[in-house]
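Peer 1: Take a look at model.cif, mmCIF, C-alpha atoms and all ligand atoms:
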data_run
loop_
_atom_site.group_PDB
_atom_site.id
_atom_site.type_symbol
_atom_site.label_atom_id
_atom_site.label_comp_id
_atom_site.auth_asym_id
_atom_site.auth_seq_id
_atom_site.Cartn_x
_atom_site.Cartn_y
_atom_site.Cartn_z
ATOM 1 C CA MET A 1 -10.851 -6.681 45.267
ATOM 2 C CA GLU A 2 -14.038 -5.768 47.199
ATOM 3 C CA LYS A 3 -17.455 -5.233 45.594
ATOM 4 C CA GLY A 4 -18.685 -1.818 46.753
ATOM 5 C CA GLN A 5 -21.897 0.151 46.302
ATOM 6 C CA LEU A 6 -24.101 -0.052 43.215
ATOM 7 C CA LEU A 7 -23.158 2.896 40.977
ATOM 8 C CA TYR A 8 -25.459 2.316 38.033
ATOM 9 C CA GLU A 9 -27.968 -0.212 36.758
ATOM 10 C CA GLY A 10 -28.466 -0.415 33.009
ATOM 11 C CA LYS A 11 -30.713 -2.653 30.918
ATOM 12 C CA ALA A 12 -28.230 -5.532 30.751
ATOM 13 C CA LYS A 13 -25.604 -4.802 33.415
ATOM 14 C CA LYS A 14 -25.056 -3.501 36.936
ATOM 15 C CA ILE A 15 -21.952 -1.476 37.779
ATOM 16 C CA TYR A 16 -20.486 -1.488 41.302
ATOM 17 C CA ALA A 17 -17.646 0.493 42.870
ATOM 18 C CA THR A 18 -14.566 -1.368 44.144
ATOM 19 C CA ASP A 19 -11.866 -0.452 46.654
ATOM 20 C CA ASP A 20 -9.795 0.785 43.678
ATOM 21 C CA GLU A 21 -11.167 4.101 42.398
ATOM 22 C CA HIS A 22 -9.907 3.316 38.883
ATOM 23 C CA VAL A 23 -11.709 -0.034 38.586
ATOM 24 C CA VAL A 24 -15.412 -0.947 38.593
ATOM 25 C CA TRP A 25 -17.164 -4.295 38.997
ATOM 26 C CA VAL A 26 -19.588 -5.241 36.204
ATOM 27 C CA GLU A 27 -22.347 -7.802 36.677
ATOM 28 C CA TYR A 28 -24.033 -9.061 33.495
ATOM 29 C CA LYS A 29 -27.792 -9.672 33.881
ATOM 30 C CA ASP A 30 -30.171 -12.112 32.204
ATOM 31 C CA ASP A 31 -32.602 -9.249 31.429
ATOM 32 C CA ALA A 32 -33.153 -8.565 27.748
ATOM 33 C CA THR A 33 -34.684 -5.483 26.140
ATOM 34 C CA ALA A 34 -35.219 -4.372 22.566
ATOM 35 C CA PHE A 35 -36.765 -1.497 20.627
ATOM 36 C CA ASP A 36 -35.567 1.203 23.065
ATOM 37 C CA GLY A 37 -36.733 -0.809 26.062
ATOM 38 C CA LYS A 38 -40.300 -1.269 24.758
ATOM 39 C CA LYS A 39 -39.863 -5.051 24.551
ATOM 40 C CA LYS A 40 -38.710 -6.679 27.778
ATOM 41 C CA GLY A 41 -37.825 -10.252 28.631
ATOM 42 C CA ARG A 42 -35.343 -12.564 30.245
ATOM 43 C CA ILE A 43 -32.945 -14.975 28.621
ATOM 44 C CA GLY A 44 -31.840 -17.562 31.201
ATOM 45 C CA GLY A 45 -28.046 -17.805 31.275
ATOM 46 C CA LYS A 46 -27.495 -14.691 29.129
ATOM 47 C CA GLY A 47 -25.528 -12.885 31.857
ATOM 48 C CA GLU A 48 -22.985 -15.677 32.014
ATOM 49 C CA LEU A 49 -22.823 -16.156 28.245
ATOM 50 C CA ASN A 50 -22.312 -12.443 27.508
ATOM 51 C CA ASN A 51 -19.781 -12.011 30.325
ATOM 52 C CA ARG A 52 -17.701 -14.806 28.839
ATOM 53 C CA ILE A 53 -18.170 -13.841 25.189
ATOM 54 C CA SER A 54 -17.324 -10.185 25.890
ATOM 55 C CA GLY A 55 -14.229 -11.230 27.851
ATOM 56 C CA ILE A 56 -13.016 -13.374 24.937
ATOM 57 C CA PHE A 57 -13.479 -10.507 22.444
ATOM 58 C CA PHE A 58 -11.865 -7.871 24.687
ATOM 59 C CA ASN A 59 -8.859 -10.115 25.379
ATOM 60 C CA TYR A 60 -8.468 -10.799 21.664
ATOM 61 C CA LEU A 61 -8.694 -7.094 20.762
ATOM 62 C CA ALA A 62 -6.173 -6.170 23.478
ATOM 63 C CA GLU A 63 -3.758 -8.689 21.897
ATOM 64 C CA LYS A 64 -4.272 -6.802 18.634
ATOM 65 C CA GLY A 65 -3.320 -3.487 20.248
ATOM 66 C CA ILE A 66 -6.796 -2.015 20.841
ATOM 67 C CA SER A 67 -7.094 -0.073 24.136
ATOM 68 C CA THR A 68 -10.078 -1.511 26.020
ATOM 69 C CA HIS A 69 -11.562 -1.072 29.485
ATOM 70 C CA TYR A 70 -11.420 -4.821 30.205
ATOM 71 C CA VAL A 71 -9.338 -6.028 33.148
ATOM 72 C CA LYS A 72 -10.403 -9.620 33.903
ATOM 73 C CA GLU A 73 -13.233 -12.044 34.561
ATOM 74 C CA ILE A 74 -13.952 -12.503 38.274
ATOM 75 C CA SER A 75 -16.921 -14.875 38.226
ATOM 76 C CA PRO A 76 -19.094 -16.527 35.555
ATOM 77 C CA THR A 77 -21.298 -13.390 35.392
ATOM 78 C CA GLU A 78 -18.877 -10.683 36.534
ATOM 79 C CA GLN A 79 -15.815 -8.844 35.255
ATOM 80 C CA LEU A 80 -13.580 -5.987 36.371
ATOM 81 C CA VAL A 81 -13.103 -3.048 34.008
ATOM 82 C CA HIS A 82 -11.260 0.275 34.120
ATOM 83 C CA ARG A 83 -13.493 3.095 35.307
ATOM 84 C CA VAL A 84 -14.426 5.444 32.471
ATOM 85 C CA THR A 85 -16.981 8.111 31.707
ATOM 86 C CA ILE A 86 -18.978 6.694 28.815
ATOM 87 C CA LEU A 87 -19.383 9.103 25.879
ATOM 88 C CA PRO A 88 -23.091 9.340 24.916
ATOM 89 C CA ILE A 89 -22.425 8.070 21.393
ATOM 90 C CA GLU A 90 -23.041 4.610 19.958
ATOM 91 C CA VAL A 91 -20.708 3.768 17.096
ATOM 92 C CA VAL A 92 -22.193 1.192 14.719
ATOM 93 C CA VAL A 93 -20.162 -0.586 12.029
ATOM 94 C CA ARG A 94 -21.916 -2.547 9.273
ATOM 95 C CA ASN A 95 -20.645 -5.059 6.726
ATOM 96 C CA ILE A 96 -23.977 -6.474 5.530
ATOM 97 C CA ALA A 97 -27.321 -4.647 5.300
ATOM 98 C CA ALA A 98 -29.672 -5.554 8.163
ATOM 99 C CA GLY A 99 -31.778 -3.946 10.878
ATOM 100 C CA SER A 100 -32.288 -0.206 10.785
ATOM 101 C CA LEU A 101 -29.942 0.323 7.799
ATOM 102 C CA ALA A 102 -31.925 -2.083 5.610
ATOM 103 C CA LYS A 103 -35.139 -0.327 6.672
ATOM 104 C CA ARG A 104 -33.868 3.266 6.357
ATOM 105 C CA LEU A 105 -32.246 2.826 2.932
ATOM 106 C CA GLY A 106 -34.702 0.280 1.516
ATOM 107 C CA MET A 107 -32.019 -2.394 1.128
ATOM 108 C CA GLU A 108 -32.709 -6.092 1.252
ATOM 109 C CA GLU A 109 -31.436 -7.743 4.452
ATOM 110 C CA GLY A 110 -28.303 -9.705 3.625
ATOM 111 C CA THR A 111 -26.992 -7.388 0.898
ATOM 112 C CA ALA A 112 -23.191 -7.229 1.222
ATOM 113 C CA LEU A 113 -21.905 -3.645 1.557
ATOM 114 C CA SER A 114 -18.961 -2.838 -0.747
ATOM 115 C CA HIS A 115 -17.137 -1.302 2.228
ATOM 116 C CA ALA A 116 -17.819 -0.989 5.937
ATOM 117 C CA VAL A 117 -20.327 1.700 6.913
ATOM 118 C CA VAL A 118 -19.708 3.593 10.173
ATOM 119 C CA GLU A 119 -22.586 5.390 11.867
ATOM 120 C CA THR A 120 -22.970 7.365 15.085
ATOM 121 C CA TYR A 121 -26.094 7.469 17.226
ATOM 122 C CA TYR A 122 -26.924 9.773 20.138
ATOM 123 C CA LYS A 123 -27.284 7.539 23.213
ATOM 124 C CA ASP A 124 -30.515 8.986 24.574
ATOM 125 C CA ASP A 125 -33.448 6.693 25.391
ATOM 126 C CA ALA A 126 -35.986 9.547 25.512
ATOM 127 C CA LEU A 127 -35.080 10.521 21.930
ATOM 128 C CA GLY A 128 -34.892 6.902 20.757
ATOM 129 C CA ASP A 129 -31.116 6.995 20.072
ATOM 130 C CA PRO A 130 -31.255 9.099 16.847
ATOM 131 C CA LEU A 131 -28.675 8.790 14.052
ATOM 132 C CA ILE A 132 -26.343 11.809 14.251
ATOM 133 C CA ASN A 133 -23.372 13.140 12.258
ATOM 134 C CA ASP A 134 -20.127 14.877 13.272
ATOM 135 C CA SER A 135 -21.812 18.294 13.082
ATOM 136 C CA HIS A 136 -24.493 17.205 15.551
ATOM 137 C CA ILE A 137 -21.863 15.720 17.867
ATOM 138 C CA SER A 138 -19.980 19.014 17.815
ATOM 139 C CA VAL A 139 -23.053 21.198 18.400
ATOM 140 C CA LEU A 140 -24.225 18.974 21.262
ATOM 141 C CA GLU A 141 -20.637 18.834 22.605
ATOM 142 C CA LEU A 142 -20.864 15.045 22.995
ATOM 143 C CA ALA A 143 -17.185 14.497 22.133
ATOM 144 C CA THR A 144 -14.235 16.416 20.684
ATOM 145 C CA PRO A 145 -13.458 16.106 16.953
ATOM 146 C CA GLU A 146 -10.280 14.191 17.908
ATOM 147 C CA GLN A 147 -12.290 11.729 20.027
ATOM 148 C CA VAL A 148 -14.722 11.225 17.135
ATOM 149 C CA ARG A 149 -11.824 10.587 14.756
ATOM 150 C CA GLN A 150 -10.254 8.101 17.181
ATOM 151 C CA MET A 151 -13.548 6.283 17.852
ATOM 152 C CA LYS A 152 -14.220 5.785 14.135
ATOM 153 C CA GLU A 153 -10.659 4.631 13.492
ATOM 154 C CA MET A 154 -10.799 2.173 16.429
ATOM 155 C CA ALA A 155 -14.243 0.943 15.351
ATOM 156 C CA LEU A 156 -12.930 0.127 11.860
ATOM 157 C CA ASP A 157 -9.880 -1.615 13.379
ATOM 158 C CA VAL A 158 -12.165 -3.662 15.645
ATOM 159 C CA ASN A 159 -14.225 -4.560 12.584
ATOM 160 C CA GLU A 160 -11.215 -5.858 10.648
ATOM 161 C CA HIS A 161 -9.954 -7.928 13.598
ATOM 162 C CA LEU A 162 -13.331 -9.386 14.571
ATOM 163 C CA LYS A 163 -14.420 -10.073 10.978
ATOM 164 C CA GLN A 164 -11.303 -12.169 10.422
ATOM 165 C CA TYR A 165 -11.488 -13.876 13.820
ATOM 166 C CA LEU A 166 -15.147 -14.796 13.331
ATOM 167 C CA ARG A 167 -14.733 -15.853 9.690
ATOM 168 C CA ALA A 168 -12.310 -18.522 10.931
ATOM 169 C CA ARG A 169 -15.146 -19.748 13.179
ATOM 170 C CA ASN A 170 -17.648 -19.817 10.311
ATOM 171 C CA VAL A 171 -19.487 -16.712 11.535
ATOM 172 C CA LEU A 172 -20.289 -13.585 9.514
ATOM 173 C CA LEU A 173 -20.010 -10.295 11.405
ATOM 174 C CA VAL A 174 -23.031 -8.466 9.970
ATOM 175 C CA ASP A 175 -22.866 -5.365 12.181
ATOM 176 C CA PHE A 176 -22.165 -4.282 15.733
ATOM 177 C CA LYS A 177 -22.367 -1.389 18.171
ATOM 178 C CA LEU A 178 -19.475 -0.069 20.255
ATOM 179 C CA GLU A 179 -19.304 2.381 23.126
ATOM 180 C CA PHE A 180 -16.243 4.298 24.266
ATOM 181 C CA GLY A 181 -15.263 5.897 27.557
ATOM 182 C CA VAL A 182 -12.664 8.320 28.845
ATOM 183 C CA THR A 183 -10.494 7.562 31.913
ATOM 184 C CA SER A 184 -9.706 10.141 34.620
ATOM 185 C CA SER A 185 -6.410 10.771 32.805
ATOM 186 C CA GLY A 186 -8.212 11.451 29.518
ATOM 187 C CA GLU A 187 -7.461 8.201 27.704
ATOM 188 C CA LEU A 188 -10.113 6.948 25.242
ATOM 189 C CA LEU A 189 -10.924 3.256 25.770
ATOM 190 C CA LEU A 190 -13.228 0.819 24.021
ATOM 191 C CA ALA A 191 -15.850 0.064 26.707
ATOM 192 C CA ASP A 192 -19.266 -1.526 27.397
ATOM 193 C CA GLU A 193 -19.620 -5.038 25.905
ATOM 194 C CA ILE A 194 -19.227 -6.995 22.679
ATOM 195 C CA SER A 195 -21.735 -9.832 22.658
ATOM 196 C CA PRO A 196 -24.725 -11.276 20.786
ATOM 197 C CA ASP A 197 -26.726 -8.460 22.459
ATOM 198 C CA THR A 198 -24.703 -5.813 20.615
ATOM 199 C CA CYS A 199 -23.674 -7.559 17.379
ATOM 200 C CA ARG A 200 -25.363 -9.423 14.553
ATOM 201 C CA PHE A 201 -23.728 -12.784 13.933
ATOM 202 C CA TRP A 202 -24.833 -15.134 11.138
ATOM 203 C CA ASP A 203 -23.660 -18.662 10.479
ATOM 204 C CA ALA A 204 -21.561 -18.274 7.322
ATOM 205 C CA ASP A 205 -23.163 -21.259 5.548
ATOM 206 C CA THR A 206 -26.792 -21.281 6.634
ATOM 207 C CA LYS A 207 -27.099 -17.529 7.521
ATOM 208 C CA GLU A 208 -28.808 -18.678 10.728
ATOM 209 C CA LYS A 209 -28.996 -15.800 13.218
ATOM 210 C CA LEU A 210 -26.850 -16.289 16.323
ATOM 211 C CA ASP A 211 -27.704 -13.054 18.143
ATOM 212 C CA LYS A 212 -30.369 -10.897 19.767
ATOM 213 C CA ASP A 213 -32.443 -10.670 16.573
ATOM 214 C CA ARG A 214 -33.839 -14.053 17.707
ATOM 215 C CA PHE A 215 -35.251 -12.264 20.775
ATOM 216 C CA ARG A 216 -36.296 -9.118 18.886
ATOM 217 C CA ARG A 217 -38.208 -11.182 16.324
ATOM 218 C CA ASP A 218 -39.514 -13.911 18.663
ATOM 219 C CA MET A 219 -37.669 -16.568 16.673
ATOM 220 C CA GLY A 220 -37.042 -18.864 19.651
ATOM 221 C CA ASN A 221 -33.843 -20.691 20.668
ATOM 222 C CA VAL A 222 -32.292 -17.434 21.868
ATOM 223 C CA ARG A 223 -30.195 -18.978 24.624
ATOM 224 C CA GLU A 224 -29.117 -21.792 22.297
ATOM 225 C CA ALA A 225 -27.878 -19.244 19.751
ATOM 226 C CA TYR A 226 -25.781 -17.417 22.384
ATOM 227 C CA GLU A 227 -24.441 -20.798 23.574
ATOM 228 C CA GLU A 228 -23.503 -21.683 20.011
ATOM 229 C CA MET A 229 -21.566 -18.406 19.718
ATOM 230 C CA LEU A 230 -19.632 -19.140 22.916
ATOM 231 C CA ARG A 231 -18.956 -22.659 21.687
ATOM 232 C CA ARG A 232 -17.509 -21.336 18.426
ATOM 233 C CA LEU A 233 -15.347 -18.777 20.212
ATOM 234 C CA GLY A 234 -14.016 -21.402 22.587
ATOM 235 C CA GLY A 235 -13.614 -24.057 19.963
ATOM 236 C CA PRO A 236 -10.746 -24.483 17.522
ATOM 237 C CA ALA A 237 -10.722 -22.090 14.593
ATOM 238 C CA ARG A 238 -11.087 -23.349 11.028
ATOM 239 C CA VAL A 239 -8.480 -21.116 9.378
HETATM 240 O O1 LIG Q 1 -30.851 -1.702 14.941
HETATM 241 P P1 LIG Q 1 -29.636 -1.473 14.099
HETATM 242 O O2 LIG Q 1 -29.653 -2.181 12.789
HETATM 243 O O3 LIG Q 1 -29.309 0.000 13.952
HETATM 244 O O4 LIG Q 1 -28.425 -2.110 14.941
HETATM 245 C C1 LIG Q 1 -27.105 -2.162 14.425
HETATM 246 C C2 LIG Q 1 -26.234 -2.973 15.377
HETATM 247 O O5 LIG Q 1 -26.052 -2.283 16.607
HETATM 248 C C3 LIG Q 1 -26.835 -4.330 15.744
HETATM 249 O O6 LIG Q 1 -25.786 -5.278 15.844
HETATM 250 C C4 LIG Q 1 -27.458 -4.097 17.118
HETATM 251 O O7 LIG Q 1 -27.447 -5.267 17.900
HETATM 252 C C5 LIG Q 1 -26.542 -3.035 17.699
HETATM 253 N N1 LIG Q 1 -27.245 -2.098 18.583
HETATM 254 C C6 LIG Q 1 -27.034 -2.148 19.958
HETATM 255 N N2 LIG Q 1 -27.667 -1.258 20.788
HETATM 256 C C7 LIG Q 1 -28.473 -0.312 20.293
HETATM 257 C C8 LIG Q 1 -28.705 -0.235 18.912
HETATM 258 C C9 LIG Q 1 -28.072 -1.146 18.077
HETATM 259 O O8 LIG Q 1 -26.283 -2.996 20.435
HETATM 260 N N3 LIG Q 1 -29.052 0.563 21.133
#
Here is a file; write its structure as structure tokens.
Peer 2:
Amino acid sequence: MEKGQLLYEGKAKKIYATDDEHVVWVEYKDDATAFDGKKKGRIGGKGELNNRISGIFFNYLAEKGISTHYVKEISPTEQLVHRVTILPIEVVVRNIAAGSLAKRLGMEEGTALSHAVVETYYKDDALGDPLINDSHISVLELATPEQVRQMKEMALDVNEHLKQYLRARNVLLVDFKLEFGVTSSGELLLADEISPDTCRFWDADTKEKLDKDRFRRDMGNVREAYEEMLRRLGGPARV
């Protein structure tokens, strides 16, 4: 497989064409941003850590029957994925109150939610990724009602699988963000990445944060937290 021209550079990844029109080459970067790009930094080794962590999660979810864009890892910082058109919707699933939910609803961070909460956000930097509902999605023609139904159903499935998988590794899945894409034949696939950049992970005993909140809040030991997550995913599970 040949690495072709740069198609797109995002905040955390670069996407290149390949000699197969249905496959693109993803390079994970060390760059880190938060608060809609207002806070910028670099986390040495993050590209490699997130490439590997995302690969582990996508492989696991594929085993569980979830359709994902992931093909395979091709280098420590690079992976091949099926080419999709990303829908401009971020689907967030929450199990424990934190981040913007805690702030918006006045809940204390760490409050367990009695059932998973699914939210959709409009992926638009200029607007600051606003929270939107199905009516907004329909009016803006961001996705069809069937795609919205499928995305929410897949997001809840992903939540059940990852919650269980992580619990066995002594990690609480607080919340996470997913993105979906559509292939040239119209198939909806789970896309983007699943990593400490896009999820909140807490140690189940100490509630220590093992994710990007350490960067957002200048808590230090960011790289070490990502390394600890990879270690737990690679290590034997405590079932
Ligand atoms: O900030 P908020 O609490 O809404 O984030 C919910 C979850 O979605 C967190 O795990 C966060 O890392 C993730 N997220 C993301 N990209 C965004 C917004 C949120 O990965 N643009």
Peer 1: To test your reading of the syntax: which residues would the PyMOL selection byres (((chain A and resi 111) around 8) and not hetatm) return for the file shown? Reply as an MDAnalysis selection string.
Peer 2: chainID A and resid 96:98 107:110 112:113
Peer 1: To verify the selection step, state as number ranges by chain which residues the PyMOL selection byres (((not hetatm)) within 7 of (chain Q and resi 1)) yields on this input.
Peer 2: A: 36, 92, 98-101, 129, 175-177, 197-200, 212
Peer 1: Check what the PyMOL selection byres (((chain A and resi 119) around 12) and not hetatm) selects in the file above and give those residues as JSON, numbers by chain.
Peer 2: {"A": [89, 90, 91, 92, 93, 94, 95, 100, 101, 116, 117, 118, 120, 121, 122, 129, 130, 131, 132, 133, 134, 137, 148, 151, 152, 155, 156, 175, 176, 177, 178]}
Peer 1: Show me the residues close to (-25.1, -18.0, 16.3) - anything with an atom within 8 Å, counting only C-alpha atoms - and format the list as a compact mmCIF listing (two decimals) with C-alpha atoms, keeping the file's coordinate frame.
Peer 2:
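Printed below is result18.txt as written:
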# COMPACT_ATOMS: atom_id res chain seq x y z
CA VAL A 171 -19.49 -16.71 11.54
CA PHE A 201 -23.73 -12.78 13.93
CA TRP A 202 -24.83 -15.13 11.14
CA ASP A 203 -23.66 -18.66 10.48
CA GLU A 208 -28.81 -18.68 10.73
CA LYS A 209 -29.00 -15.80 13.22
CA LEU A 210 -26.85 -16.29 16.32
CA ASP A 211 -27.70 -13.05 18.14
CA ALA A 225 -27.88 -19.24 19.75
CA TYR A 226 -25.78 -17.42 22.38
CA GLU A 227 -24.44 -20.80 23.57
CA GLU A 228 -23.50 -21.68 20.01
CA MET A 229 -21.57 -18.41 19.72
Peer 1: May I ask which of the residues A:Glu160, A:Asp19, A:Asp218, A:Glu78 is the closest one to Glu2 of chain A, counting all atoms listed in the file?
Peer 2: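 For Glu2 of chain A, the nearest of the given residues is A:Asp19.
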Peer 1: Here is a test: counting all atoms listed in the file, which residue of A:Leu173, A:Met154, A:Glu9, A:Val81 is nearest to Ser195 of chain A?
Peer 2: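 Counting all atoms listed in the file, the residue closest to Ser195 of chain A is A:Leu173.
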Peer 1: At a cut-off of 6 Å around the point (-17.6, -1.3, 41.5) (file coordinates), what residues fall inside when counting all atoms listed in the file? I'd like the answer as a list in words.
Peer 2: Lys3, Gly4, Ile15, Tyr16, Ala17, Thr18, Val24 and Trp25 of chain A
Peer 1: Missing atoms in segment 84-93 of chain A: can you complete it with all heavy atoms, as an mmCIF file, keeping the file's coordinate frame?
Peer 2:
data_model
loop_
_atom_site.group_PDB
_atom_site.id
_atom_site.type_symbol
_atom_site.label_atom_id
_atom_site.label_comp_id
_atom_site.auth_asym_id
_atom_site.auth_seq_id
_atom_site.Cartn_x
_atom_site.Cartn_y
_atom_site.Cartn_z
ATOM 1 N N VAL A 84 -14.421 4.398 33.510
ATOM 2 C CA VAL A 84 -14.426 5.444 32.471
ATOM 3 C C VAL A 84 -15.740 6.213 32.531
ATOM 4 O O VAL A 84 -16.723 5.730 33.111
ATOM 5 C CB VAL A 84 -14.311 4.848 31.033
ATOM 6 C CG1 VAL A 84 -12.950 4.234 30.774
ATOM 7 C CG2 VAL A 84 -15.437 3.859 30.742
ATOM 8 N N THR A 85 -15.731 7.392 31.944
ATOM 9 C CA THR A 85 -16.981 8.111 31.707
ATOM 10 C C THR A 85 -17.388 7.783 30.279
ATOM 11 O O THR A 85 -16.643 8.069 29.327
ATOM 12 C CB THR A 85 -16.765 9.637 31.857
ATOM 13 O OG1 THR A 85 -16.246 9.873 33.158
ATOM 14 C CG2 THR A 85 -18.063 10.397 31.657
ATOM 15 N N ILE A 86 -18.531 7.122 30.153
ATOM 16 C CA ILE A 86 -18.978 6.694 28.815
ATOM 17 C C ILE A 86 -19.420 7.911 27.997
ATOM 18 O O ILE A 86 -20.191 8.750 28.482
ATOM 19 C CB ILE A 86 -20.155 5.686 28.936
ATOM 20 C CG1 ILE A 86 -19.709 4.395 29.647
ATOM 21 C CG2 ILE A 86 -20.788 5.390 27.586
ATOM 22 C CD1 ILE A 86 -18.914 3.422 28.796
ATOM 23 N N LEU A 87 -18.924 8.030 26.771
ATOM 24 C CA LEU A 87 -19.383 9.103 25.879
ATOM 25 C C LEU A 87 -20.777 8.723 25.369
ATOM 26 O O LEU A 87 -21.014 7.551 25.069
ATOM 27 C CB LEU A 87 -18.408 9.274 24.708
ATOM 28 C CG LEU A 87 -16.998 9.711 25.099
ATOM 29 C CD1 LEU A 87 -16.069 9.690 23.880
ATOM 30 C CD2 LEU A 87 -17.014 11.106 25.716
ATOM 31 N N PRO A 88 -21.702 9.687 25.286
ATOM 32 C CA PRO A 88 -23.091 9.340 24.916
ATOM 33 C C PRO A 88 -23.282 9.131 23.407
ATOM 34 O O PRO A 88 -24.174 9.698 22.795
ATOM 35 C CB PRO A 88 -23.895 10.535 25.435
ATOM 36 C CG PRO A 88 -22.940 11.666 25.367
ATOM 37 C CD PRO A 88 -21.559 11.107 25.603
ATOM 38 N N ILE A 89 -22.392 8.325 22.845
ATOM 39 C CA ILE A 89 -22.425 8.070 21.393
ATOM 40 C C ILE A 89 -22.300 6.573 21.168
ATOM 41 O O ILE A 89 -21.429 5.928 21.757
ATOM 42 C CB ILE A 89 -21.232 8.782 20.703
ATOM 43 C CG1 ILE A 89 -21.346 10.301 20.874
ATOM 44 C CG2 ILE A 89 -21.149 8.403 19.224
ATOM 45 C CD1 ILE A 89 -20.114 11.053 20.412
ATOM 46 N N GLU A 90 -23.178 6.010 20.349
ATOM 47 C CA GLU A 90 -23.041 4.610 19.958
ATOM 48 C C GLU A 90 -22.435 4.592 18.559
ATOM 49 O O GLU A 90 -22.946 5.265 17.656
ATOM 50 C CB GLU A 90 -24.411 3.918 19.956
ATOM 51 C CG GLU A 90 -25.040 3.903 21.349
ATOM 52 C CD GLU A 90 -26.323 3.096 21.426
ATOM 53 O OE1 GLU A 90 -26.970 2.886 20.370
ATOM 54 O OE2 GLU A 90 -26.673 2.686 22.548
ATOM 55 N N VAL A 91 -21.343 3.867 18.410
ATOM 56 C CA VAL A 91 -20.708 3.768 17.096
ATOM 57 C C VAL A 91 -21.084 2.409 16.510
ATOM 58 O O VAL A 91 -20.788 1.372 17.108
ATOM 59 C CB VAL A 91 -19.170 3.903 17.206
ATOM 60 C CG1 VAL A 91 -18.526 3.825 15.822
ATOM 61 C CG2 VAL A 91 -18.793 5.211 17.901
ATOM 62 N N VAL A 92 -21.754 2.433 15.369
ATOM 63 C CA VAL A 92 -22.193 1.192 14.719
ATOM 64 C C VAL A 92 -21.371 0.985 13.450
ATOM 65 O O VAL A 92 -21.155 1.933 12.689
ATOM 66 C CB VAL A 92 -23.706 1.241 14.394
ATOM 67 C CG1 VAL A 92 -24.119 0.098 13.473
ATOM 68 C CG2 VAL A 92 -24.529 1.203 15.686
ATOM 69 N N VAL A 93 -20.874 -0.230 13.260
ATOM 70 C CA VAL A 93 -20.162 -0.586 12.029
ATOM 71 C C VAL A 93 -20.957 -1.690 11.345
ATOM 72 O O VAL A 93 -21.425 -2.625 12.008
ATOM 73 C CB VAL A 93 -18.720 -1.074 12.320
ATOM 74 C CG1 VAL A 93 -17.996 -1.410 11.016
ATOM 75 C CG2 VAL A 93 -17.934 -0.026 13.088
#
